[in-house]
$ cat structure13.pdb   # PDB, C-alpha atoms
ATOM      1  CA  MET A  29     197.688 -39.236 121.407
ATOM      2  CA  ASN A  30     195.079 -36.508 121.498
ATOM      3  CA  ALA A  31     191.353 -36.199 120.974
ATOM      4  CA  THR A  32     191.719 -34.990 117.430
ATOM      5  CA  SER A  33     193.854 -37.906 116.238
ATOM      6  CA  HIS A  34     190.784 -40.155 115.940
ATOM      7  CA  SER A  35     187.592 -38.801 114.406
ATOM      8  CA  MET A  36     184.277 -40.603 114.779
ATOM      9  CA  PRO A  37     182.119 -41.220 111.694
ATOM     10  CA  ALA A  38     178.853 -39.303 111.770
ATOM     11  CA  GLY A  39     175.840 -41.378 112.685
ATOM     12  CA  SER A  40     177.669 -43.679 115.093
ATOM     13  CA  PRO A  41     176.445 -44.170 118.674
ATOM     14  CA  ASN A  42     179.523 -42.389 120.038
ATOM     15  CA  LEU A  43     179.636 -40.385 123.276
ATOM     16  CA  LEU A  44     181.911 -37.621 122.046
ATOM     17  CA  HIS A  45     179.270 -35.013 122.818
ATOM     18  CA  LEU A  46     177.261 -36.820 125.494
ATOM     19  CA  HIS A  47     178.288 -34.695 128.454
ATOM     20  CA  ALA A  48     178.275 -31.529 126.393
ATOM     21  CA  ALA A  49     174.684 -32.333 125.485
ATOM     22  CA  LEU A  50     173.852 -32.971 129.118
ATOM     23  CA  GLY A  51     175.422 -29.748 130.293
ATOM     24  CA  LEU A  52     177.837 -31.623 132.543
ATOM     25  CA  LYS A  53     181.395 -30.720 133.354
ATOM     26  CA  GLU A  54     184.277 -32.896 134.477
ATOM     27  CA  GLY A  55     184.522 -33.434 138.200
ATOM     28  CA  PRO A  56     182.269 -34.637 141.020
ATOM     29  CA  CYS A  57     178.557 -34.748 140.314
ATOM     30  CA  ALA A  58     176.477 -32.083 141.985
ATOM     31  CA  GLU A  59     173.820 -33.051 144.492
ATOM     32  CA  PRO A  60     170.284 -33.610 143.203
ATOM     33  CA  ARG A  61     168.245 -30.459 143.631
ATOM     34  CA  ALA A  62     165.637 -32.061 145.886
ATOM     35  CA  GLY A  63     164.709 -35.353 147.440
ATOM     36  CA  SER A  64     165.662 -37.626 150.299
ATOM     37  CA  ARG A  65     169.058 -39.307 149.940
ATOM     38  CA  LEU A  66     169.680 -42.948 150.801
ATOM     39  CA  ARG A  67     172.110 -45.778 150.153
ATOM     40  CA  LEU A  68     171.033 -48.904 148.326
ATOM     41  CA  LEU A  69     172.820 -52.139 149.171
ATOM     42  CA  THR A  70     173.276 -54.548 146.273
ATOM     43  CA  ARG A  71     173.266 -58.317 146.563
ATOM     44  CA  ASP A  72     177.075 -58.370 146.323
ATOM     45  CA  GLY A  73     177.426 -55.804 149.110
ATOM     46  CA  PHE A  74     178.029 -52.630 147.097
ATOM     47  CA  GLU A  75     176.480 -49.339 148.216
ATOM     48  CA  LEU A  76     174.801 -47.116 145.647
ATOM     49  CA  ASP A  77     173.767 -43.494 146.035
ATOM     50  CA  ALA A  78     170.044 -42.972 145.449
ATOM     51  CA  THR A  79     167.356 -40.339 146.007
ATOM     52  CA  TRP A  80     163.638 -40.529 146.750
ATOM     53  CA  PHE A  81     161.379 -37.851 145.310
ATOM     54  CA  GLU A  82     158.208 -38.040 147.390
ATOM     55  CA  PRO A  83     154.849 -36.399 146.619
ATOM     56  CA  ALA A  84     153.146 -34.143 149.125
ATOM     57  CA  ALA A  85     149.806 -35.680 148.141
ATOM     58  CA  PRO A  86     148.914 -39.360 148.616
ATOM     59  CA  VAL A  87     151.149 -41.694 146.629
ATOM     60  CA  ARG A  88     149.399 -43.365 143.687
ATOM     61  CA  ALA A  89     152.400 -45.204 142.159
ATOM     62  CA  VAL A  90     156.081 -45.902 142.814
ATOM     63  CA  ALA A  91     158.666 -45.581 140.047
ATOM     64  CA  LEU A  92     162.311 -46.439 139.440
ATOM     65  CA  MET A  93     164.273 -44.083 137.168
ATOM     66  CA  ALA A  94     166.882 -46.319 135.503
ATOM     67  CA  PRO A  95     169.625 -44.125 133.989
ATOM     68  CA  ALA A  96     171.466 -44.299 130.691
ATOM     69  CA  THR A  97     175.146 -45.139 130.320
ATOM     70  CA  GLY A  98     177.367 -42.461 131.830
ATOM     71  CA  VAL A  99     174.434 -40.296 132.975
ATOM     72  CA  PRO A 100     174.198 -39.330 136.673
ATOM     73  CA  GLN A 101     170.905 -39.390 138.519
ATOM     74  CA  ARG A 102     170.842 -35.620 138.887
ATOM     75  CA  PHE A 103     170.094 -35.331 135.163
ATOM     76  CA  TYR A 104     166.673 -36.869 135.861
ATOM     77  CA  ALA A 105     165.866 -34.724 138.910
ATOM     78  CA  ALA A 106     163.504 -32.370 137.057
ATOM     79  CA  PHE A 107     161.524 -35.276 135.611
ATOM     80  CA  ALA A 108     161.402 -37.029 138.994
ATOM     81  CA  GLN A 109     160.196 -33.830 140.683
ATOM     82  CA  TRP A 110     157.518 -33.364 138.030
ATOM     83  CA  LEU A 111     156.234 -36.895 138.543
ATOM     84  CA  SER A 112     156.296 -36.509 142.326
ATOM     85  CA  GLN A 113     153.998 -33.499 141.965
ATOM     86  CA  ARG A 114     151.544 -35.839 140.260
ATOM     87  CA  GLY A 115     151.493 -38.489 142.952
ATOM     88  CA  PHE A 116     154.483 -40.670 142.049
ATOM     89  CA  ALA A 117     157.176 -41.634 144.537
ATOM     90  CA  VAL A 118     160.271 -41.767 142.298
ATOM     91  CA  LEU A 119     163.635 -43.354 143.073
ATOM     92  CA  THR A 120     166.679 -42.147 141.104
ATOM     93  CA  MET A 121     170.069 -43.816 141.444
ATOM     94  CA  ASP A 122     173.690 -43.868 140.311
ATOM     95  CA  TYR A 123     175.326 -47.071 139.104
ATOM     96  CA  ARG A 124     178.458 -48.268 140.859
ATOM     97  CA  GLY A 125     181.447 -46.250 139.760
ATOM     98  CA  MET A 126     179.262 -43.487 138.350
ATOM     99  CA  GLY A 127     177.791 -40.243 139.694
ATOM    100  CA  SER A 128     177.772 -40.147 143.489
ATOM    101  CA  SER A 129     178.110 -43.889 143.992
ATOM    102  CA  ALA A 130     181.466 -45.172 145.226
ATOM    103  CA  GLU A 131     184.330 -45.625 142.812
ATOM    104  CA  ALA A 132     184.379 -49.057 141.166
ATOM    105  CA  PRO A 133     187.097 -49.387 138.487
ATOM    106  CA  GLN A 134     186.050 -52.964 137.675
ATOM    107  CA  ALA A 135     182.331 -52.203 137.314
ATOM    108  CA  SER A 136     180.746 -53.735 134.238
ATOM    109  CA  MET A 137     177.486 -53.203 132.404
ATOM    110  CA  ARG A 138     176.548 -56.640 133.716
ATOM    111  CA  ASP A 139     176.938 -55.252 137.238
ATOM    112  CA  TRP A 140     174.762 -52.247 136.427
ATOM    113  CA  MET A 141     172.002 -54.316 134.862
ATOM    114  CA  LEU A 142     172.139 -57.507 136.960
ATOM    115  CA  ARG A 143     173.072 -56.138 140.386
ATOM    116  CA  ASP A 144     172.529 -52.386 140.650
ATOM    117  CA  LEU A 145     169.143 -52.025 138.945
ATOM    118  CA  PRO A 146     167.720 -55.034 140.834
ATOM    119  CA  ALA A 147     168.668 -53.260 144.086
ATOM    120  CA  GLY A 148     166.726 -50.219 142.939
ATOM    121  CA  LEU A 149     163.760 -52.374 141.987
ATOM    122  CA  VAL A 150     163.794 -54.076 145.402
ATOM    123  CA  ALA A 151     163.560 -50.653 147.074
ATOM    124  CA  VAL A 152     160.686 -49.614 144.799
ATOM    125  CA  LEU A 153     158.791 -52.870 145.345
ATOM    126  CA  ALA A 154     159.194 -52.503 149.109
ATOM    127  CA  ARG A 155     157.887 -48.925 148.932
ATOM    128  CA  ALA A 156     154.915 -50.015 146.850
ATOM    129  CA  ARG A 157     153.914 -52.724 149.318
ATOM    130  CA  GLN A 158     153.878 -50.580 152.442
ATOM    131  CA  GLY A 159     150.559 -49.960 154.053
ATOM    132  CA  MET A 160     147.314 -51.768 153.318
ATOM    133  CA  HIS A 161     147.554 -51.648 149.540
ATOM    134  CA  ARG A 162     150.020 -52.617 146.850
ATOM    135  CA  LEU A 163     150.668 -49.561 144.688
ATOM    136  CA  PRO A 164     151.422 -49.816 140.942
ATOM    137  CA  VAL A 165     155.123 -50.101 140.118
ATOM    138  CA  VAL A 166     156.528 -48.234 137.108
ATOM    139  CA  TRP A 167     159.928 -48.704 135.456
ATOM    140  CA  LEU A 168     161.244 -45.518 133.832
ATOM    141  CA  GLY A 169     164.142 -46.465 131.588
ATOM    142  CA  HIS A 170     166.440 -44.255 129.566
ATOM    143  CA  SER A 171     168.662 -46.011 127.007
ATOM    144  CA  LEU A 172     170.592 -48.695 128.964
ATOM    145  CA  GLY A 173     168.084 -48.252 131.785
ATOM    146  CA  GLY A 174     165.426 -49.505 129.381
ATOM    147  CA  HIS A 175     167.309 -52.240 127.586
ATOM    148  CA  ALA A 176     168.203 -53.743 130.980
ATOM    149  CA  LEU A 177     164.532 -54.546 131.543
ATOM    150  CA  PRO A 178     164.471 -58.053 129.969
ATOM    151  CA  LEU A 179     167.264 -59.027 132.392
ATOM    152  CA  GLN A 180     165.284 -58.383 135.576
ATOM    153  CA  ALA A 181     164.329 -61.528 137.486
ATOM    154  CA  ARG A 182     161.436 -59.676 139.158
ATOM    155  CA  LEU A 183     160.164 -58.260 135.899
ATOM    156  CA  HIS A 184     156.748 -59.839 136.468
ATOM    157  CA  GLU A 185     156.251 -57.554 139.491
ATOM    158  CA  VAL A 186     156.471 -54.370 137.388
ATOM    159  CA  ASP A 187     153.103 -53.037 136.192
ATOM    160  CA  ALA A 188     154.157 -50.472 133.609
ATOM    161  CA  VAL A 189     157.231 -49.368 131.689
ATOM    162  CA  LEU A 190     157.999 -46.029 130.100
ATOM    163  CA  ALA A 191     161.244 -46.401 128.166
ATOM    164  CA  VAL A 192     162.902 -43.635 126.147
ATOM    165  CA  GLY A 193     165.586 -44.258 123.546
ATOM    166  CA  ALA A 194     165.899 -47.792 124.933
ATOM    167  CA  GLN A 195     167.250 -50.251 122.405
ATOM    168  CA  LEU A 196     169.282 -53.377 121.688
ATOM    169  CA  PRO A 197     172.058 -51.490 119.885
ATOM    170  CA  ALA A 198     173.792 -54.085 117.721
ATOM    171  CA  PHE A 199     175.804 -52.184 115.107
ATOM    172  CA  ARG A 200     173.834 -53.680 112.185
ATOM    173  CA  ARG A 201     170.703 -51.875 113.400
ATOM    174  CA  TRP A 202     171.848 -48.449 112.269
ATOM    175  CA  PRO A 203     169.725 -48.015 109.140
ATOM    176  CA  SER A 204     172.266 -46.495 106.737
ATOM    177  CA  ALA A 205     175.510 -48.046 105.578
ATOM    178  CA  HIS A 206     177.335 -44.970 106.867
ATOM    179  CA  GLY A 207     175.686 -45.336 110.268
ATOM    180  CA  ARG A 208     176.531 -49.030 110.460
ATOM    181  CA  MET A 209     180.143 -48.266 109.617
ATOM    182  CA  GLY A 210     180.266 -45.640 112.356
ATOM    183  CA  ALA A 211     178.642 -47.986 114.883
ATOM    184  CA  TRP A 212     181.075 -50.778 114.022
ATOM    185  CA  PHE A 213     184.008 -48.400 114.421
ATOM    186  CA  PHE A 214     182.726 -47.238 117.805
ATOM    187  CA  PHE A 215     182.091 -50.692 119.223
ATOM    188  CA  LYS A 216     185.000 -52.630 117.727
ATOM    189  CA  ALA A 217     187.774 -50.021 117.417
ATOM    190  CA  TRP A 218     187.178 -46.884 119.481
ATOM    191  CA  LEU A 219     186.184 -48.562 122.752
ATOM    192  CA  PRO A 220     188.898 -51.256 122.739
ATOM    193  CA  LEU A 221     191.526 -48.687 121.760
ATOM    194  CA  TRP A 222     191.014 -46.475 124.797
ATOM    195  CA  VAL A 223     190.406 -49.272 127.257
ATOM    196  CA  GLY A 224     193.618 -50.892 126.043
ATOM    197  CA  LEU A 225     195.562 -47.654 126.462
ATOM    198  CA  THR A 226     194.143 -46.497 129.797
ATOM    199  CA  GLY A 227     192.206 -49.391 131.354
ATOM    200  CA  ARG A 228     188.965 -47.400 131.098
ATOM    201  CA  LEU A 229     187.082 -45.158 128.685
ATOM    202  CA  PRO A 230     188.455 -41.716 129.618
ATOM    203  CA  GLY A 231     185.967 -38.922 130.114
ATOM    204  CA  TRP A 232     187.583 -36.640 127.558
ATOM    205  CA  THR A 233     187.029 -39.233 124.815
ATOM    206  CA  PHE A 234     183.291 -38.574 125.063
ATOM    207  CA  GLY A 235     183.335 -34.860 125.788
ATOM    208  CA  GLY A 236     184.200 -34.698 129.493
ATOM    209  CA  GLY A 237     182.655 -36.028 132.669
ATOM    210  CA  PRO A 238     183.501 -39.228 134.538
ATOM    211  CA  ALA A 239     185.256 -42.096 132.819
ATOM    212  CA  LEU A 240     183.494 -45.374 132.174
ATOM    213  CA  PRO A 241     185.102 -48.373 133.906
ATOM    214  CA  GLY A 242     187.007 -50.567 131.485
ATOM    215  CA  PRO A 243     184.839 -53.688 131.974
ATOM    216  CA  ALA A 244     181.675 -51.655 131.312
ATOM    217  CA  ALA A 245     183.141 -50.245 128.112
ATOM    218  CA  MET A 246     184.223 -53.711 126.982
ATOM    219  CA  ASP A 247     180.782 -55.204 127.641
ATOM    220  CA  TRP A 248     179.442 -52.483 125.389
ATOM    221  CA  SER A 249     182.097 -53.256 122.779
ATOM    222  CA  HIS A 250     181.424 -57.007 122.807
ATOM    223  CA  TRP A 251     177.625 -56.865 122.713
ATOM    224  CA  GLY A 252     177.521 -54.111 120.100
ATOM    225  CA  GLY A 253     179.226 -56.432 117.613
ATOM    226  CA  LEU A 254     176.798 -59.343 118.131
ATOM    227  CA  PRO A 255     173.664 -59.870 115.997
ATOM    228  CA  ASP A 256     171.206 -59.311 118.857
ATOM    229  CA  TYR A 257     173.343 -57.469 121.422
ATOM    230  CA  TYR A 258     173.480 -59.228 124.828
ATOM    231  CA  ARG A 259     170.719 -61.644 123.761
ATOM    232  CA  SER A 260     173.319 -63.278 121.473
ATOM    233  CA  ASP A 261     175.759 -63.789 124.364
ATOM    234  CA  PRO A 262     175.489 -67.371 125.741
ATOM    235  CA  SER A 263     176.712 -66.178 129.143
ATOM    236  CA  MET A 264     173.602 -63.967 129.439
ATOM    237  CA  ALA A 265     171.068 -66.665 128.535
ATOM    238  CA  GLU A 266     170.174 -67.517 132.137
ATOM    239  CA  HIS A 267     169.364 -63.851 132.800
ATOM    240  CA  LEU A 268     166.808 -63.396 130.017
ATOM    241  CA  HIS A 269     163.381 -62.945 131.630
ATOM    242  CA  ALA A 270     161.354 -61.101 128.971
ATOM    243  CA  SER A 271     158.921 -64.027 128.817
ATOM    244  CA  ARG A 272     157.790 -63.087 132.353
ATOM    245  CA  TRP A 273     156.505 -59.686 131.299
ATOM    246  CA  GLN A 274     152.839 -59.228 132.299
ATOM    247  CA  GLY A 275     152.298 -55.463 132.215
ATOM    248  CA  VAL A 276     152.291 -52.684 129.622
ATOM    249  CA  ALA A 277     155.569 -51.382 128.201
ATOM    250  CA  GLN A 278     155.633 -48.223 126.115
ATOM    251  CA  LEU A 279     158.894 -47.827 124.220
ATOM    252  CA  TRP A 280     159.337 -44.307 122.870
ATOM    253  CA  CYS A 281     161.427 -43.791 119.759
ATOM    254  CA  ILE A 282     162.478 -40.159 119.272
ATOM    255  CA  SER A 283     162.559 -39.434 115.544
ATOM    256  CA  ASP A 284     165.779 -37.383 115.623
ATOM    257  CA  ASP A 285     167.599 -39.772 118.008
ATOM    258  CA  TRP A 286     169.481 -41.262 115.082
ATOM    259  CA  ILE A 287     172.842 -41.524 116.868
ATOM    260  CA  PHE A 288     171.865 -43.418 120.042
ATOM    261  CA  GLY A 289     168.354 -44.777 119.407
ATOM    262  CA  PRO A 290     167.579 -45.512 115.753
ATOM    263  CA  GLU A 291     164.181 -47.123 115.258
ATOM    264  CA  PRO A 292     165.459 -50.605 114.256
ATOM    265  CA  ALA A 293     167.362 -50.852 117.545
ATOM    266  CA  VAL A 294     164.337 -49.684 119.568
ATOM    267  CA  ARG A 295     162.084 -52.089 117.702
ATOM    268  CA  ALA A 296     164.499 -54.930 118.518
ATOM    269  CA  LEU A 297     163.873 -54.297 122.221
ATOM    270  CA  GLN A 298     160.140 -54.397 121.589
ATOM    271  CA  ARG A 299     160.507 -57.751 119.838
ATOM    272  CA  ALA A 300     162.355 -59.141 122.851
ATOM    273  CA  PHE A 301     158.961 -59.288 124.597
ATOM    274  CA  ASP A 302     157.249 -61.284 121.834
ATOM    275  CA  GLY A 303     155.355 -64.189 123.350
ATOM    276  CA  ALA A 304     155.145 -62.696 126.837
ATOM    277  CA  PRO A 305     151.729 -62.383 128.541
ATOM    278  CA  GLY A 306     152.088 -58.605 128.700
ATOM    279  CA  ARG A 307     152.463 -56.219 125.807
ATOM    280  CA  ALA A 308     155.171 -53.918 124.507
ATOM    281  CA  GLU A 309     154.241 -50.956 122.301
ATOM    282  CA  LEU A 310     156.508 -48.919 120.051
ATOM    283  CA  LEU A 311     155.563 -45.236 120.118
ATOM    284  CA  HIS A 312     157.052 -42.359 118.124
ATOM    285  CA  LEU A 313     157.711 -38.775 119.128
ATOM    286  CA  HIS A 314     158.688 -36.084 116.627
ATOM    287  CA  PRO A 315     160.143 -32.800 117.942
ATOM    288  CA  GLN A 316     157.613 -30.785 115.934
ATOM    289  CA  GLU A 317     154.750 -32.436 117.850
ATOM    290  CA  VAL A 318     155.865 -30.668 121.020
ATOM    291  CA  GLY A 319     157.062 -27.445 119.400
ATOM    292  CA  ALA A 320     160.772 -28.285 119.539
ATOM    293  CA  ARG A 321     163.371 -28.014 116.804
ATOM    294  CA  GLN A 322     165.210 -31.069 118.108
ATOM    295  CA  LEU A 323     165.049 -33.473 121.033
ATOM    296  CA  GLY A 324     167.542 -36.240 120.328
ATOM    297  CA  HIS A 325     168.505 -38.733 123.012
ATOM    298  CA  PHE A 326     168.632 -36.281 125.916
ATOM    299  CA  GLY A 327     166.425 -33.289 125.163
ATOM    300  CA  VAL A 328     163.232 -35.044 126.288
ATOM    301  CA  PHE A 329     164.450 -34.953 129.897
ATOM    302  CA  ARG A 330     165.219 -31.253 129.878
ATOM    303  CA  ARG A 331     162.853 -29.043 131.829
ATOM    304  CA  GLN A 332     162.251 -26.649 128.894
ATOM    305  CA  HIS A 333     160.740 -29.496 126.879
ATOM    306  CA  GLY A 334     159.227 -31.318 129.816
ATOM    307  CA  GLU A 335     156.042 -29.266 130.054
ATOM    308  CA  ARG A 336     155.052 -30.550 126.610
ATOM    309  CA  VAL A 337     156.695 -33.984 126.511
ATOM    310  CA  TRP A 338     156.097 -35.407 129.990
ATOM    311  CA  PRO A 339     152.290 -34.899 130.050
ATOM    312  CA  LEU A 340     152.119 -36.752 126.730
ATOM    313  CA  TRP A 341     154.050 -39.686 128.166
ATOM    314  CA  LEU A 342     151.962 -39.790 131.329
ATOM    315  CA  GLN A 343     148.632 -39.530 129.517
ATOM    316  CA  ARG A 344     149.489 -42.425 127.220
ATOM    317  CA  LEU A 345     150.695 -44.562 130.128
ATOM    318  CA  GLU A 346     147.651 -43.803 132.287
ATOM    319  CA  LYS A 347     145.332 -44.652 129.409
ATOM    320  CA  ALA A 348     146.998 -48.052 129.030
ATOM    321  CA  VAL A 349     147.295 -48.784 132.784
ATOM    322  CA  PRO A 350     144.079 -47.745 134.589
ATOM    323  CA  ALA A 351     145.562 -48.660 137.981
ATOM    324  CA  LEU A 352     147.721 -45.533 137.753
ATOM    325  CA  HIS A 353     144.581 -43.410 138.242
ATOM    326  CA  GLN A 354     143.893 -44.861 141.667
ATOM    327  CA  GLN A 355     144.906 -42.640 144.573
ATOM    328  CA  ARG A 356     145.962 -44.483 147.712
ATOM    329  CA  VAL A 357     147.767 -43.348 150.830
ATOM    330  CA  ALA A 358     151.124 -45.019 151.318
ATOM    331  CA  ALA A 359     152.999 -45.569 154.570
ATOM    332  CA  PRO A 360     156.013 -43.433 155.588
ATOM    333  CA  LEU A 361     159.143 -43.610 153.475
ATOM    334  CA  PRO A 362     161.553 -46.464 154.384
ATOM    335  CA  VAL A 363     164.991 -45.379 155.583
ATOM    336  CA  GLU A 364     167.014 -47.848 153.488
ATOM    337  CA  SER A 365     166.590 -50.902 151.312
ATOM    338  CA  SER A 366     168.794 -53.875 150.553
ATOM    339  CA  LEU A 367     168.714 -57.190 148.719
TER     340      LEU A 367
END
$ encode --input "structure13.pdb" --output "C-alpha cells"
Amino acid sequence: MNATSHSMPAGSPNLLHLHAALGLKEGPCAEPRAGSRLRLLTRDGFELDATWFEPAAPVRAVALMAPATGVPQRFYAAFAQWLSQRGFAVLTMDYRGMGSSAEAPQASMRDWMLRDLPAGLVAVLARARQGMHRLPVVWLGHSLGGHALPLQARLHEVDAVLAVGAQLPAFRRWPSAHGRMGAWFFFKAWLPLWVGLTGRLPGWTFGGGPALPGPAAMDWSHWGGLPDYYRSDPSMAEHLHASRWQGVAQLWCISDDWIFGPEPAVRALQRAFDGAPGRAELLHLHPQEVGARQLGHFGVFRRQHGERVWPLWLQRLEKAVPALHQQRVAAPLPVESSL
C-alpha cells in the first residue's frame, strides 16, 4: 500500500503536510539553536530532553512551552529566544518518543499530557520559586500543548496562559459538513488503519518526520470521535482540573487555521473553564492584521511572522496580567528537575 492509495478529504485535521509545513525532514531532530540542555525526570521514571532559554537581564517570569502533536521543541526555539530577550526564562521540551527524548513505542497522549507536561511544569514552578520572590508562571501551549491544560493537577499554580490553536477537536466541531466528514475519516479510519498495519502512525503518512507511537495515535482516534473529546472519556474524569483555574488564559484562534484549529473546537476549550475562579478569553488573529497572506496552525511560530505576531500576544497578556511587568532577579538556573 502506498501514500497515494488513500486520499484525505480537504478540511480534515490530517497531518499529511504537517512536517512539510514545519520545514522538517525525516531523521533525528537537530539540536535547538541556543539554550541550556537538561533532562526532565517524569513521575514514572522516564527522561525527557528539555532546554532552558535564559534571559541576560533579570528574570521577570518563567514559562513552559508545551508543544503540539508530533512537533519537536526545536520548532519553538525562535519564539523561546525572543521571549528570553524580554525577561522570560522559557523551558521547551520533547514528549517521550518524540524529538530528542528517548524512544518510547508505547507512549500515549495520556502519557504526554498526564506525565510529561507535569514534569515540565514542576521544573518551571521550581525555577519560579528560587530566590526571595515567586515569579509569575506562564503556560505557552500550542495545539495539544494547550488542550492538555485542563488535565494539570497543579493548574492553580499557573498565573497566565497563552494558547495558540489549542482546541478540544471532536470531529463534530468542524463547521462544514465536508470538514466533519474529513475529520471523522481521519479519526475513525485513517489513524486505526495505519496503526493496525504498522503498530504506529508512520511518518510518511503525514508528510515525513518521526512516527507517532501507536497508543498516542489511538488516543487521538478514540477521543476525536467522542462528543467532547477526552472530557467525554470516563477514564479521564479524575484528571479534569479546569475548575481549579485561577489565572488568565488567552486562547488564540487563527482565522485561517481551519484544518487543525477551527473556532468551534477552540471555543470548546474555552468553555471547559466555565465556572472556574479564573477567566479564559477567546481571541482572534487574522493574517492580514500582521501583514501576512496566511498563518495557519504553524506560521505564527515562524521567525518571519514573529516580529509582528509575538509582540501582539505579549502586549495582550501583559495587559491582562500586571504581574508580568514586574522585574525581579531570580537565582541561578537549577541543573535538573524531577517529580
$ closest_residue --input "structure13.pdb" --among "A:Val189, A:Met121, A:Ala89, A:Arg200" --to "A:Gln158" --atoms "only C-alpha atoms"
A:Ala89
$ atom_distance --input "structure13.pdb" --atom1 "atom CA of A:Ser283" --atom2 "atom CA of A:Glu309"
15.7 Å
$ residues_around --input "structure13.pdb" --residues "A:Glu266" --least-positions-apart "4" --cutoff "12 Å" --atoms "all atoms listed in the file" --output "list in words"
Leu142, Pro178, Leu179, Gln180, Ala181, Tyr258, Arg259, Ser260, Asp261, Pro262 and Ala270 of chain A
$ resolve_selection --input "structure13.pdb" --expression "the PyMOL selection byres ((chain A and resi 326-339) around 8)" --output "ChimeraX atom specification"
/A:49-50,103-104,106-107,318,320,322-325,340-343
$ closest_residue --input "structure13.pdb" --among "A:Ile287, A:Met264, A:Met93, A:Leu225" --to "A:Gly207" --atoms "all atoms listed in the file"
A:Ile287
$ closest_residue --input "structure13.pdb" --among "A:Pro238, A:Ser112, A:Met209, A:Pro197" --to "A:Asp256" --atoms "all atoms listed in the file"
A:Pro197
$ build_atoms --input "structure13.pdb" --residues "stretch 146-164 of chain A" --atoms "N, CA and C atoms" --output "PDB file, in the coordinates of the input"
ATOM      1  N   PRO A 146     168.556 -54.230 139.943  1.00  0.00           N
ATOM      2  CA  PRO A 146     167.720 -55.034 140.834  1.00  0.00           C
ATOM      3  C   PRO A 146     167.637 -54.481 142.250  1.00  0.00           C
ATOM      4  N   ALA A 147     168.721 -53.870 142.752  1.00  0.00           N
ATOM      5  CA  ALA A 147     168.668 -53.260 144.086  1.00  0.00           C
ATOM      6  C   ALA A 147     167.693 -52.089 144.102  1.00  0.00           C
ATOM      7  N   GLY A 148     167.696 -51.304 143.028  1.00  0.00           N
ATOM      8  CA  GLY A 148     166.726 -50.219 142.939  1.00  0.00           C
ATOM      9  C   GLY A 148     165.308 -50.733 142.869  1.00  0.00           C
ATOM     10  N   LEU A 149     165.100 -51.810 142.104  1.00  0.00           N
ATOM     11  CA  LEU A 149     163.760 -52.374 141.987  1.00  0.00           C
ATOM     12  C   LEU A 149     163.282 -52.951 143.312  1.00  0.00           C
ATOM     13  N   VAL A 150     164.171 -53.567 144.079  1.00  0.00           N
ATOM     14  CA  VAL A 150     163.794 -54.076 145.402  1.00  0.00           C
ATOM     15  C   VAL A 150     163.286 -52.938 146.284  1.00  0.00           C
ATOM     16  N   ALA A 151     163.978 -51.799 146.268  1.00  0.00           N
ATOM     17  CA  ALA A 151     163.560 -50.653 147.074  1.00  0.00           C
ATOM     18  C   ALA A 151     162.189 -50.144 146.634  1.00  0.00           C
ATOM     19  N   VAL A 152     161.968 -50.098 145.323  1.00  0.00           N
ATOM     20  CA  VAL A 152     160.686 -49.614 144.799  1.00  0.00           C
ATOM     21  C   VAL A 152     159.564 -50.587 145.140  1.00  0.00           C
ATOM     22  N   LEU A 153     159.818 -51.878 145.008  1.00  0.00           N
ATOM     23  CA  LEU A 153     158.791 -52.870 145.345  1.00  0.00           C
ATOM     24  C   LEU A 153     158.445 -52.823 146.828  1.00  0.00           C
ATOM     25  N   ALA A 154     159.453 -52.610 147.669  1.00  0.00           N
ATOM     26  CA  ALA A 154     159.194 -52.503 149.109  1.00  0.00           C
ATOM     27  C   ALA A 154     158.352 -51.267 149.409  1.00  0.00           C
ATOM     28  N   ARG A 155     158.661 -50.165 148.743  1.00  0.00           N
ATOM     29  CA  ARG A 155     157.887 -48.925 148.932  1.00  0.00           C
ATOM     30  C   ARG A 155     156.442 -49.124 148.486  1.00  0.00           C
ATOM     31  N   ALA A 156     156.261 -49.827 147.394  1.00  0.00           N
ATOM     32  CA  ALA A 156     154.915 -50.015 146.850  1.00  0.00           C
ATOM     33  C   ALA A 156     154.058 -50.904 147.733  1.00  0.00           C
ATOM     34  N   ARG A 157     154.678 -51.775 148.510  1.00  0.00           N
ATOM     35  CA  ARG A 157     153.914 -52.724 149.318  1.00  0.00           C
ATOM     36  C   ARG A 157     153.690 -52.260 150.743  1.00  0.00           C
ATOM     37  N   GLN A 158     154.109 -51.078 151.083  1.00  0.00           N
ATOM     38  CA  GLN A 158     153.878 -50.580 152.442  1.00  0.00           C
ATOM     39  C   GLN A 158     152.428 -50.156 152.611  1.00  0.00           C
ATOM     40  N   GLY A 159     151.944 -50.333 153.793  1.00  0.00           N
ATOM     41  CA  GLY A 159     150.559 -49.960 154.053  1.00  0.00           C
ATOM     42  C   GLY A 159     149.610 -51.089 153.683  1.00  0.00           C
ATOM     43  N   MET A 160     148.350 -50.758 153.542  1.00  0.00           N
ATOM     44  CA  MET A 160     147.314 -51.768 153.318  1.00  0.00           C
ATOM     45  C   MET A 160     147.198 -52.187 151.857  1.00  0.00           C
ATOM     46  N   HIS A 161     147.735 -51.394 150.962  1.00  0.00           N
ATOM     47  CA  HIS A 161     147.554 -51.648 149.540  1.00  0.00           C
ATOM     48  C   HIS A 161     148.891 -51.798 148.832  1.00  0.00           C
ATOM     49  N   ARG A 162     148.858 -52.496 147.712  1.00  0.00           N
ATOM     50  CA  ARG A 162     150.020 -52.617 146.850  1.00  0.00           C
ATOM     51  C   ARG A 162     149.858 -51.598 145.731  1.00  0.00           C
ATOM     52  N   LEU A 163     150.746 -50.613 145.692  1.00  0.00           N
ATOM     53  CA  LEU A 163     150.668 -49.561 144.688  1.00  0.00           C
ATOM     54  C   LEU A 163     151.265 -50.029 143.361  1.00  0.00           C
ATOM     55  N   PRO A 164     150.817 -49.471 142.237  1.00  0.00           N
ATOM     56  CA  PRO A 164     151.422 -49.816 140.942  1.00  0.00           C
ATOM     57  C   PRO A 164     152.909 -49.461 140.916  1.00  0.00           C
TER      58      PRO A 164
END
